[in-house]
Amino acid sequence: MKLFNRSNKKTQVSRQGTPFLKWRFAIVCGFILLGFFGLIARAAYIQVLEPGRLIQEGDARSLRVQLMPSARGIISDRNGEQLAVSVPVQAVFANPVEIFKHGGLSETNRWNALADVLDLDRAKLLKRLEKNKNRKFIYLARQVSPPMANYVQKLKLPGIGLRAESRRFYPSGEVSAQLIGFTGIDGHGLDGIEKTYDGWLTGEPGRRTVRKDRYGRVVENISQQSRQPGKPLELSIDQRIQAIAYRAAKEGVMDIPATSVSIAISDVRTGEILAMVNAPSFNPNDRNDRQPYKMRNRVITDTFEPGSTVKPFVVYTALKTGVVNEHTLINIPQSKHFRVGSKVITDVSRIEPLATVQRILQKSSNIGVSKLSLAMPVEDILDTYRKVGFDEPSGINLIGETTGHFPNRYRWSDIGRATLAYGYGISLTPIQLLHAYTTLGAYGIKRPLSILKTEKVVPGEQVLDPKIAKKILLMIESVTDKAGGGGGWRAAIPGYRVGVKTGTAKKAIAGGYGNDYFSYTVGVAPISHPRLAIVVMVNEPKGDKFYGGAVAAPILSKVLGGALQILNVPPDADTLKIDK
């Protein structure tokens, strides 16, 4: 009993040794209340004063925007013939997280079948999925055809899905490849018309905003914005003439043979381009066929010294300034050599000792035009060259167009003035040369060339005297007169009066000129009432024949004759003069 009583006494003492401290209790309660009110204040601040941020954080974890691709605008020729269209295809994608969540790559046969249909290496496909097993989206193949997409869908592989997209298809194939260009895998233009007018052709994709749960399932449709398809583009090209021109160019490359052949045709009344082709070409529907030397649109990119094709403008200048008239006789040495300083100018064809300016053009006399050039200020010739567009772009506004080299000197030697008259010392593109002859065919009215179909004809600017321009047209018509000795007689077209000027120039290399040539023929028809202008450029003809009259003129005759018939231009062989 004593022991028990002693123990009870000690317990009472112990309890009395830990007294209740009110101030400490108050401090603890104060901190608890302070934290509680802090939480309330923070919650009130977030939900009342700054609710947007909370909503933004929630939306960032649940809202998703799904793009609905729109179709790219159709490109067509002036008659509605489709040159570029968008066709629906599918993209195959993988969700590696989902794949490895549902068994991974265990079903080897099905994964091998997927690799085979997508033309992928089996081992590389599996390795790629293993490497990206923590990602939720990777592309396996783009622009897959509908039959292939159906096969992929039937495989029913977990984590493999399809996404709608479109692919550009070019019905005209290689005929218009360099002009139309092509698009990249994402549908944006990379070359040609596709790149130049990419903003116009590209539509606005639709947008669908949805809310997804943690498993990626759509639980709410928030909003949807309609897609806006790309706008169509109607070109000035006539695909019928384009096809004739391309066939002739392709045959020229093989038959001459030549490195390349380029052809362009314009309507002199409007400045519209009716055909623009290059051979060799490529198939824009085959990505493996896109080689740089085939893809270049040489009509607007390649520059060359125009040779004898500028002679009509020298004669025009001589008539305009009064240096000569149609009846003036110019002395031509029978040796076919004419010394200017330390250099000698040579004629290829024999010509009479006394020749008119028409005869000089018909026989393409270098000596004759050199004498005309030396008889007048060089500024007068340069001014005519500027007026017909030798120093500026053609107005076609295609990406990649160059402008050649226009001489800008303060002092000219006699030999420089002489060679300028037969196309050396200046360089042009085929489209610039076509622009000049389009202006000549329009009786001196200069309009910008257009690759788009025009609703209203641009008034243009009168840069050449129309009376003298008509005389020049009659003079170059004699170039196709075989009986009269015209060097471009192979460009003649039965039933039509055709005016042409042929030209041949050596290709410039570092330090001088090489052994290769540019050969070209440019012309206007029908002479009685000009409708079409055409330029044909043959690059590096390989055979024994390399003059423009021998290799380019026959191509011009074939293409221009076909174009006149397609456009139902009436024959004018029986007319005797140019229409007033």
# chains A, B, ... in the order shown; residues from 1 in each chain; ligands from 1
$ residues_around --residues "A:Asp347" --least-positions-apart "2" --cutoff "10 Å" --atoms "only C-alpha atoms" --output "tab-separated table (two decimals) with C-alpha atoms, in the first residue's frame"
chain	number	residue	atom	x	y	z
A	332	ILE	CA	30.05	46.50	-148.77
A	333	PRO	CA	33.62	45.24	-149.50
A	334	GLN	CA	33.59	42.18	-151.72
A	335	SER	CA	36.33	40.67	-149.63
A	336	LYS	CA	33.72	40.36	-146.86
A	337	HIS	CA	36.22	41.99	-144.50
A	338	PHE	CA	36.00	45.43	-142.93
A	345	ILE	CA	34.67	42.50	-139.06
A	349	SER	CA	27.13	35.62	-146.59
A	350	ARG	CA	28.16	37.31	-149.81
A	351	ILE	CA	26.27	40.51	-150.56
A	363	LYS	CA	21.70	38.91	-145.75
A	364	SER	CA	22.48	39.74	-142.09
A	365	SER	CA	25.54	41.80	-142.97
A	366	ASN	CA	27.75	42.59	-139.98
A	367	ILE	CA	29.69	45.09	-142.11
A	368	GLY	CA	26.52	46.90	-143.16
$ closest_atom_pairs --of "stretch 350-448 of chain A" --to "stretch 488-500 of chain A" --cutoff "12 Å" --atoms "only C-alpha atoms" --output "Markdown table"
| residue | atom | partner | partner_atom | distance |
| --- | --- | --- | --- | --- |
| A:Leu361 | CA | A:Val500 | CA | 10.0 |
| A:Gln362 | CA | A:Gly488 | CA | 8.3 |
| A:Lys363 | CA | A:Gly488 | CA | 9.2 |
| A:Ser364 | CA | A:Gly488 | CA | 9.7 |
| A:Leu434 | CA | A:Val500 | CA | 11.7 |
| A:Tyr437 | CA | A:Val500 | CA | 9.6 |
| A:Leu440 | CA | A:Gly499 | CA | 10.9 |
| A:Gly441 | CA | A:Gly499 | CA | 9.6 |
$ select_by_dssp --residues "stretch 402-565 of chain A" --states "helix (DSSP H, G or I)" --output "ChimeraX atom specification"
/A:414-420,430-441,466-480,489-491,548-551,553-565
$ write_last_selection --atoms "C-alpha atoms" --output "mmCIF file, in the first residue's frame"
data_model
loop_
_atom_site.group_PDB
_atom_site.id
_atom_site.type_symbol
_atom_site.label_atom_id
_atom_site.label_comp_id
_atom_site.auth_asym_id
_atom_site.auth_seq_id
_atom_site.Cartn_x
_atom_site.Cartn_y
_atom_site.Cartn_z
ATOM 1 C CA ASP A 414 34.953 52.278 -132.705
ATOM 2 C CA ILE A 415 35.093 48.491 -132.519
ATOM 3 C CA GLY A 416 32.817 48.552 -129.465
ATOM 4 C CA ARG A 417 30.256 50.651 -131.349
ATOM 5 C CA ALA A 418 30.500 48.344 -134.369
ATOM 6 C CA THR A 419 30.081 45.067 -132.467
ATOM 7 C CA LEU A 420 27.209 46.545 -130.465
ATOM 8 C CA PRO A 430 15.039 35.119 -124.325
ATOM 9 C CA ILE A 431 12.070 36.790 -122.630
ATOM 10 C CA GLN A 432 13.693 40.232 -123.057
ATOM 11 C CA LEU A 433 14.275 39.575 -126.749
ATOM 12 C CA LEU A 434 10.676 38.399 -127.128
ATOM 13 C CA HIS A 435 9.504 41.581 -125.400
ATOM 14 C CA ALA A 436 11.393 43.698 -127.943
ATOM 15 C CA TYR A 437 9.851 41.898 -130.923
ATOM 16 C CA THR A 438 6.419 42.004 -129.295
ATOM 17 C CA THR A 439 6.836 45.780 -129.186
ATOM 18 C CA LEU A 440 7.948 45.818 -132.826
ATOM 19 C CA GLY A 441 4.952 43.676 -133.828
ATOM 20 C CA PRO A 466 4.816 53.244 -136.007
ATOM 21 C CA LYS A 467 5.589 54.092 -139.639
ATOM 22 C CA ILE A 468 9.235 53.091 -139.310
ATOM 23 C CA ALA A 469 8.273 50.000 -137.267
ATOM 24 C CA LYS A 470 6.073 48.833 -140.149
ATOM 25 C CA LYS A 471 8.966 49.335 -142.577
ATOM 26 C CA ILE A 472 11.202 47.209 -140.368
ATOM 27 C CA LEU A 473 8.574 44.437 -140.321
ATOM 28 C CA LEU A 474 8.514 44.426 -144.127
ATOM 29 C CA MET A 475 12.307 44.257 -144.168
ATOM 30 C CA ILE A 476 12.536 41.247 -141.844
ATOM 31 C CA GLU A 477 9.844 39.538 -143.914
ATOM 32 C CA SER A 478 12.439 39.354 -146.706
ATOM 33 C CA VAL A 479 14.621 37.199 -144.414
ATOM 34 C CA THR A 480 12.211 34.290 -145.042
ATOM 35 C CA TRP A 489 13.977 30.918 -145.240
ATOM 36 C CA ARG A 490 13.519 27.755 -143.158
ATOM 37 C CA ALA A 491 11.236 29.788 -140.868
ATOM 38 C CA GLY A 548 20.316 30.152 -136.165
ATOM 39 C CA GLY A 549 18.858 29.936 -139.667
ATOM 40 C CA ALA A 550 19.768 26.254 -139.858
ATOM 41 C CA VAL A 551 18.802 24.934 -136.398
ATOM 42 C CA ALA A 553 14.396 28.606 -137.831
ATOM 43 C CA PRO A 554 12.839 25.177 -138.643
ATOM 44 C CA ILE A 555 11.624 24.888 -135.042
ATOM 45 C CA LEU A 556 10.099 28.357 -135.265
ATOM 46 C CA SER A 557 8.257 27.456 -138.466
ATOM 47 C CA LYS A 558 6.766 24.319 -136.939
ATOM 48 C CA VAL A 559 5.644 25.959 -133.688
ATOM 49 C CA LEU A 560 4.458 29.283 -135.089
ATOM 50 C CA GLY A 561 2.543 27.566 -137.893
ATOM 51 C CA GLY A 562 0.736 25.343 -135.417
ATOM 52 C CA ALA A 563 -0.063 28.282 -133.131
ATOM 53 C CA LEU A 564 -1.537 30.363 -135.972
ATOM 54 C CA GLN A 565 -3.780 27.468 -136.973
#
$ residues_around --residues "A:Pro407" --least-positions-apart "4" --cutoff "9 Å" --atoms "only C-alpha atoms" --output "PDB file with N, CA, C and O atoms, in the first residue's frame"
ATOM      1  N   LEU A 382      21.726  52.977-128.154  1.00  0.00           N
ATOM      2  CA  LEU A 382      21.416  52.576-126.786  1.00  0.00           C
ATOM      3  C   LEU A 382      20.019  53.043-126.382  1.00  0.00           C
ATOM      4  O   LEU A 382      19.301  52.336-125.663  1.00  0.00           O
ATOM      5  N   ASP A 391      17.093  46.810-121.197  1.00  0.00           N
ATOM      6  CA  ASP A 391      17.732  47.136-119.919  1.00  0.00           C
ATOM      7  C   ASP A 391      16.818  46.906-118.718  1.00  0.00           C
ATOM      8  O   ASP A 391      17.124  47.364-117.615  1.00  0.00           O
ATOM      9  N   GLY A 425      28.650  42.581-126.726  1.00  0.00           N
ATOM     10  CA  GLY A 425      28.812  43.636-125.726  1.00  0.00           C
ATOM     11  C   GLY A 425      27.546  43.920-124.952  1.00  0.00           C
ATOM     12  O   GLY A 425      27.501  44.824-124.115  1.00  0.00           O
ATOM     13  N   ILE A 426      26.496  43.174-125.221  1.00  0.00           N
ATOM     14  CA  ILE A 426      25.230  43.297-124.512  1.00  0.00           C
ATOM     15  C   ILE A 426      24.673  41.893-124.351  1.00  0.00           C
ATOM     16  O   ILE A 426      24.890  41.032-125.205  1.00  0.00           O
ATOM     17  N   SER A 427      24.001  41.618-123.261  1.00  0.00           N
ATOM     18  CA  SER A 427      23.410  40.295-123.072  1.00  0.00           C
ATOM     19  C   SER A 427      21.946  40.435-122.666  1.00  0.00           C
ATOM     20  O   SER A 427      21.560  41.388-121.987  1.00  0.00           O
TER      21      SER A 427
END
$ closest_residue --among "A:Gly341, A:Gly189, A:Gly80, A:Gly161" --to "A:Leu233" --atoms "only C-alpha atoms"
A:Gly80
$ closest_residue --among "A:Gln178, A:Val569, A:Gly543, A:Gly192" --to "A:Pro257" --atoms "only C-alpha atoms"
A:Gly543
$ residues_around --residues "A:Lys195" --least-positions-apart "2" --cutoff "10 Å" --atoms "only C-alpha atoms" --output "MDAnalysis selection string"
chainID A and resid 180:183 188:193 197:201 398:399
$ write_last_selection --atoms "all heavy atoms" --output "CSV table (one decimal), in the first residue's frame"
chain,number,residue,atom,x,y,z
A,180,ILE,N,5.2,26.2,-114.4
A,180,ILE,CA,4.3,26.0,-113.2
A,180,ILE,C,5.1,25.8,-111.9
A,180,ILE,O,4.7,26.3,-110.9
A,180,ILE,CB,3.4,24.8,-113.5
A,180,ILE,CG1,2.6,25.0,-114.8
A,180,ILE,CG2,2.4,24.6,-112.3
A,180,ILE,CD1,1.8,26.2,-114.8
A,181,GLY,N,6.2,25.1,-112.0
A,181,GLY,CA,7.0,24.9,-110.7
A,181,GLY,C,6.4,23.7,-110.0
A,181,GLY,O,5.7,22.9,-110.5
A,182,PHE,N,6.6,23.8,-108.6
A,182,PHE,CA,6.0,22.7,-107.8
A,182,PHE,C,6.0,23.1,-106.3
A,182,PHE,O,6.5,24.2,-106.0
A,182,PHE,CB,6.9,21.4,-107.9
A,182,PHE,CG,8.4,21.7,-107.7
A,182,PHE,CD1,8.9,21.6,-106.4
A,182,PHE,CD2,9.2,22.0,-108.8
A,182,PHE,CE1,10.3,21.9,-106.3
A,182,PHE,CE2,10.6,22.2,-108.6
A,182,PHE,CZ,11.1,22.2,-107.3
A,183,THR,N,5.4,22.4,-105.5
A,183,THR,CA,5.2,22.7,-104.1
A,183,THR,C,6.1,21.7,-103.3
A,183,THR,O,6.4,20.6,-103.7
A,183,THR,CB,3.8,22.6,-103.6
A,183,THR,OG1,3.3,21.3,-103.9
A,183,THR,CG2,2.9,23.6,-104.4
A,188,HIS,N,3.6,24.4,-99.8
A,188,HIS,CA,3.9,25.8,-100.2
A,188,HIS,C,4.8,25.8,-101.5
A,188,HIS,O,5.6,24.9,-101.6
A,188,HIS,CB,4.7,26.5,-99.1
A,188,HIS,CG,3.8,26.9,-98.0
A,188,HIS,ND1,2.9,27.9,-98.0
A,188,HIS,CD2,3.6,26.4,-96.7
A,188,HIS,CE1,2.2,28.0,-96.9
A,188,HIS,NE2,2.6,27.1,-96.1
A,189,GLY,N,4.6,26.8,-102.3
A,189,GLY,CA,5.3,26.8,-103.6
A,189,GLY,C,6.8,26.9,-103.4
A,189,GLY,O,7.3,27.7,-102.6
A,190,LEU,N,7.6,26.2,-104.2
A,190,LEU,CA,9.0,26.2,-104.2
A,190,LEU,C,9.7,26.7,-105.4
A,190,LEU,O,10.8,27.1,-105.4
A,190,LEU,CB,9.6,24.8,-103.9
A,190,LEU,CG,9.2,24.2,-102.6
A,190,LEU,CD1,9.8,22.8,-102.4
A,190,LEU,CD2,9.6,25.0,-101.4
A,191,ASP,N,8.9,26.8,-106.5
A,191,ASP,CA,9.5,27.3,-107.8
A,191,ASP,C,8.3,27.7,-108.7
A,191,ASP,O,7.2,27.3,-108.6
A,191,ASP,CB,10.3,26.1,-108.4
A,191,ASP,CG,11.3,26.7,-109.4
A,191,ASP,OD1,11.4,27.9,-109.6
A,191,ASP,OD2,12.0,25.9,-110.1
A,192,GLY,N,8.7,28.5,-109.7
A,192,GLY,CA,7.8,28.8,-110.8
A,192,GLY,C,6.6,29.6,-110.3
A,192,GLY,O,6.6,30.4,-109.4
A,193,ILE,N,5.4,29.4,-111.0
A,193,ILE,CA,4.2,30.0,-110.7
A,193,ILE,C,3.8,29.7,-109.3
A,193,ILE,O,3.2,30.5,-108.5
A,193,ILE,CB,3.1,29.6,-111.7
A,193,ILE,CG1,3.4,30.1,-113.1
A,193,ILE,CG2,1.7,30.1,-111.2
A,193,ILE,CD1,3.2,31.6,-113.3
A,197,TYR,N,3.2,33.0,-106.9
A,197,TYR,CA,1.8,33.3,-106.5
A,197,TYR,C,1.4,32.5,-105.3
A,197,TYR,O,0.2,32.1,-105.1
A,197,TYR,CB,0.8,33.2,-107.6
A,197,TYR,CG,1.1,34.2,-108.7
A,197,TYR,CD1,1.8,33.8,-109.8
A,197,TYR,CD2,0.6,35.5,-108.7
A,197,TYR,CE1,2.1,34.8,-110.8
A,197,TYR,CE2,0.8,36.4,-109.7
A,197,TYR,CZ,1.6,36.0,-110.8
A,197,TYR,OH,1.8,37.0,-111.7
A,198,ASP,N,2.3,32.1,-104.4
A,198,ASP,CA,2.1,31.2,-103.3
A,198,ASP,C,1.0,31.8,-102.4
A,198,ASP,O,0.1,31.1,-101.9
A,198,ASP,CB,3.4,30.9,-102.5
A,198,ASP,CG,3.2,29.9,-101.4
A,198,ASP,OD1,2.7,28.8,-101.8
A,198,ASP,OD2,3.4,30.2,-100.3
A,199,GLY,N,1.1,33.1,-102.1
A,199,GLY,CA,0.2,33.8,-101.2
A,199,GLY,C,-1.3,33.7,-101.7
A,199,GLY,O,-2.2,33.6,-101.0
A,200,TRP,N,-1.4,33.8,-103.0
A,200,TRP,CA,-2.7,33.8,-103.7
A,200,TRP,C,-3.3,32.4,-103.7
A,200,TRP,O,-4.5,32.2,-103.5
A,200,TRP,CB,-2.6,34.4,-105.1
A,200,TRP,CG,-3.9,34.4,-105.9
A,200,TRP,CD1,-4.4,33.4,-106.7
A,200,TRP,CD2,-4.9,35.4,-105.9
A,200,TRP,NE1,-5.6,33.7,-107.2
A,200,TRP,CE2,-5.9,35.0,-106.8
A,200,TRP,CE3,-5.0,36.6,-105.3
A,200,TRP,CZ2,-7.0,35.7,-107.1
A,200,TRP,CZ3,-6.1,37.4,-105.6
A,200,TRP,CH2,-7.1,37.0,-106.4
A,201,LEU,N,-2.5,31.4,-104.0
A,201,LEU,CA,-2.9,30.0,-104.1
A,201,LEU,C,-3.2,29.3,-102.8
A,201,LEU,O,-4.0,28.4,-102.7
A,201,LEU,CB,-1.9,29.2,-104.9
A,201,LEU,CG,-1.7,29.7,-106.4
A,201,LEU,CD1,-0.5,29.0,-107.0
A,201,LEU,CD2,-2.9,29.3,-107.2
A,398,LEU,N,7.9,36.9,-112.8
A,398,LEU,CA,8.2,35.5,-112.3
A,398,LEU,C,9.4,35.5,-111.5
A,398,LEU,O,10.4,36.1,-111.9
A,398,LEU,CB,8.3,34.6,-113.5
A,398,LEU,CG,7.0,34.1,-114.1
A,398,LEU,CD1,7.3,33.2,-115.3
A,398,LEU,CD2,6.1,33.4,-113.2
A,399,ILE,N,9.4,34.8,-110.4
A,399,ILE,CA,10.6,34.7,-109.5
A,399,ILE,C,11.7,34.0,-110.3
A,399,ILE,O,11.4,33.0,-111.0
A,399,ILE,CB,10.2,33.9,-108.2
A,399,ILE,CG1,9.4,34.8,-107.3
A,399,ILE,CG2,11.5,33.5,-107.5
A,399,ILE,CD1,9.0,34.1,-106.0
$ residues_around --residues "stretch 296-312 of chain A" --least-positions-apart "3" --cutoff "6 Å" --atoms "only C-alpha atoms" --output "MDAnalysis selection string"
chainID A and resid 178 293 315 401:402 404 422:424 426:431 501:505
$ write_last_selection --atoms "C-alpha atoms" --output "tab-separated table (two decimals), in the first residue's frame"
chain	number	residue	atom	x	y	z
A	178	GLN	CA	9.56	24.83	-115.36
A	293	TYR	CA	19.71	21.57	-114.92
A	315	VAL	CA	18.35	49.88	-138.87
A	401	GLU	CA	13.84	36.38	-113.94
A	402	THR	CA	17.15	38.07	-114.74
A	404	GLY	CA	21.15	40.36	-118.63
A	422	TYR	CA	25.41	43.04	-134.31
A	423	GLY	CA	24.75	41.92	-130.76
A	424	TYR	CA	28.05	41.72	-128.92
A	426	ILE	CA	25.23	43.30	-124.51
A	427	SER	CA	23.41	40.29	-123.07
A	428	LEU	CA	19.71	39.48	-122.90
A	429	THR	CA	17.37	36.74	-121.78
A	430	PRO	CA	15.04	35.12	-124.33
A	431	ILE	CA	12.07	36.79	-122.63
A	501	LYS	CA	15.70	37.54	-137.73
A	502	THR	CA	18.16	34.79	-137.08
A	503	GLY	CA	21.21	35.05	-134.89
A	504	THR	CA	24.26	33.10	-133.80
A	505	ALA	CA	26.73	34.03	-131.08
$ residues_around --residues "A:Glu326" --least-positions-apart "5" --cutoff "8 Å" --atoms "only C-alpha atoms" --output "list in words"
Leu319, Thr356, Val357 and Gln358 of chain A
$ residues_around --residues "stretch 280-291 of chain A" --least-positions-apart "5" --cutoff "8 Å" --atoms "only C-alpha atoms" --output "list in words"
Arg168, Phe169, Tyr170, Gly173, Glu174, Val175, Ala177, Gln178, Gly181, Phe182, Lys250, Val253, Ser260 and Val261 of chain A
$ write_last_selection --atoms "all heavy atoms" --output "tab-separated table (two decimals), in the first residue's frame"
chain	number	residue	atom	x	y	z
A	168	ARG	N	-0.15	18.05	-104.41
A	168	ARG	CA	-0.27	18.76	-105.68
A	168	ARG	C	-0.03	17.79	-106.83
A	168	ARG	O	0.95	17.03	-106.82
A	168	ARG	CB	0.76	19.89	-105.72
A	168	ARG	CG	0.38	21.06	-106.60
A	168	ARG	CD	-0.84	21.78	-106.13
A	168	ARG	NE	-0.96	23.10	-106.76
A	168	ARG	CZ	-2.09	23.76	-106.79
A	168	ARG	NH1	-3.19	23.24	-106.27
A	168	ARG	NH2	-2.13	24.96	-107.36
A	169	PHE	N	-0.92	17.87	-107.82
A	169	PHE	CA	-0.78	17.02	-108.99
A	169	PHE	C	-0.77	17.90	-110.23
A	169	PHE	O	-1.54	18.86	-110.34
A	169	PHE	CB	-1.95	16.02	-109.07
A	169	PHE	CG	-1.91	15.17	-110.31
A	169	PHE	CD1	-0.92	14.22	-110.49
A	169	PHE	CD2	-2.86	15.32	-111.31
A	169	PHE	CE1	-0.87	13.44	-111.63
A	169	PHE	CE2	-2.83	14.55	-112.46
A	169	PHE	CZ	-1.83	13.60	-112.61
A	170	TYR	N	0.12	17.57	-111.18
A	170	TYR	CA	0.31	18.38	-112.38
A	170	TYR	C	-0.06	17.56	-113.61
A	170	TYR	O	0.75	16.77	-114.11
A	170	TYR	CB	1.75	18.88	-112.46
A	170	TYR	CG	2.15	19.66	-111.23
A	170	TYR	CD1	2.81	19.05	-110.16
A	170	TYR	CD2	1.84	21.01	-111.13
A	170	TYR	CE1	3.14	19.76	-109.02
A	170	TYR	CE2	2.18	21.73	-109.99
A	170	TYR	CZ	2.83	21.10	-108.95
A	170	TYR	OH	3.15	21.81	-107.82
A	173	GLY	N	2.27	17.49	-116.66
A	173	GLY	CA	3.57	16.83	-116.50
A	173	GLY	C	4.73	17.71	-116.91
A	173	GLY	O	4.81	18.89	-116.56
A	174	GLU	N	5.64	17.16	-117.73
A	174	GLU	CA	6.87	17.85	-118.09
A	174	GLU	C	6.65	18.98	-119.10
A	174	GLU	O	7.53	19.81	-119.29
A	174	GLU	CB	7.87	16.85	-118.66
A	174	GLU	CG	7.41	16.13	-119.91
A	174	GLU	CD	8.40	15.09	-120.39
A	174	GLU	OE1	9.21	14.61	-119.57
A	174	GLU	OE2	8.36	14.76	-121.58
A	175	VAL	N	5.47	19.05	-119.72
A	175	VAL	CA	5.23	20.07	-120.75
A	175	VAL	C	5.35	21.48	-120.17
A	175	VAL	O	5.92	22.38	-120.79
A	175	VAL	CB	3.83	19.88	-121.38
A	175	VAL	CG1	3.50	21.03	-122.32
A	175	VAL	CG2	3.78	18.55	-122.12
A	177	ALA	N	6.48	22.10	-116.84
A	177	ALA	CA	7.10	21.91	-115.52
A	177	ALA	C	7.85	23.13	-115.02
A	177	ALA	O	7.64	23.59	-113.89
A	177	ALA	CB	8.03	20.70	-115.56
A	178	GLN	N	8.76	23.69	-115.85
A	178	GLN	CA	9.56	24.83	-115.36
A	178	GLN	C	8.71	26.07	-115.14
A	178	GLN	O	9.01	26.89	-114.27
A	178	GLN	CB	10.69	25.16	-116.35
A	178	GLN	CG	11.72	24.07	-116.49
A	178	GLN	CD	11.46	23.20	-117.69
A	178	GLN	OE1	10.36	23.20	-118.25
A	178	GLN	NE2	12.46	22.44	-118.12
A	181	GLY	N	6.22	25.14	-111.98
A	181	GLY	CA	6.96	24.89	-110.75
A	181	GLY	C	6.36	23.74	-109.96
A	181	GLY	O	5.68	22.88	-110.50
A	182	PHE	N	6.55	23.75	-108.63
A	182	PHE	CA	6.04	22.67	-107.79
A	182	PHE	C	6.00	23.14	-106.35
A	182	PHE	O	6.53	24.20	-106.00
A	182	PHE	CB	6.91	21.41	-107.92
A	182	PHE	CG	8.38	21.67	-107.71
A	182	PHE	CD1	8.94	21.62	-106.44
A	182	PHE	CD2	9.20	21.97	-108.79
A	182	PHE	CE1	10.29	21.88	-106.25
A	182	PHE	CE2	10.56	22.22	-108.61
A	182	PHE	CZ	11.09	22.17	-107.34
A	250	LYS	N	11.59	19.40	-127.60
A	250	LYS	CA	12.14	18.10	-127.22
A	250	LYS	C	12.74	17.38	-128.42
A	250	LYS	O	13.83	16.78	-128.32
A	250	LYS	CB	11.03	17.25	-126.60
A	250	LYS	CG	11.50	15.96	-125.97
A	250	LYS	CD	10.36	15.27	-125.24
A	250	LYS	CE	10.84	14.00	-124.54
A	250	LYS	NZ	9.73	13.34	-123.80
A	253	VAL	N	16.16	19.00	-129.25
A	253	VAL	CA	17.26	18.55	-128.38
A	253	VAL	C	17.83	17.23	-128.88
A	253	VAL	O	19.05	17.01	-128.89
A	253	VAL	CB	16.79	18.44	-126.92
A	253	VAL	CG1	17.84	17.72	-126.07
A	253	VAL	CG2	16.50	19.81	-126.34
A	260	SER	N	20.07	22.24	-124.90
A	260	SER	CA	18.71	22.61	-124.52
A	260	SER	C	18.08	23.45	-125.63
A	260	SER	O	18.79	24.03	-126.46
A	260	SER	CB	18.70	23.40	-123.20
A	260	SER	OG	19.33	24.65	-123.36
A	261	VAL	N	16.75	23.50	-125.62
A	261	VAL	CA	15.99	24.35	-126.52
A	261	VAL	C	14.92	25.04	-125.70
A	261	VAL	O	14.22	24.40	-124.90
A	261	VAL	CB	15.34	23.54	-127.67
A	261	VAL	CG1	14.44	24.45	-128.52
A	261	VAL	CG2	16.40	22.89	-128.54
$ closest_residue --among "A:Arg359, A:Lys127, A:Arg142, A:His102" --to "A:Leu157" --atoms "only C-alpha atoms"
A:His102
$ atom_distance --atom1 "atom CA of A:Phe546" --atom2 "atom CA of A:Val388"
27.4 Å
$ atom_distance --atom1 "atom CA of A:Arg72" --atom2 "atom CA of A:Gln143"
14.5 Å
$ closest_residue --among "A:Ile360, A:Met276, A:Ala573, A:Val268" --to "A:Ala442" --atoms "only C-alpha atoms"
A:Val268
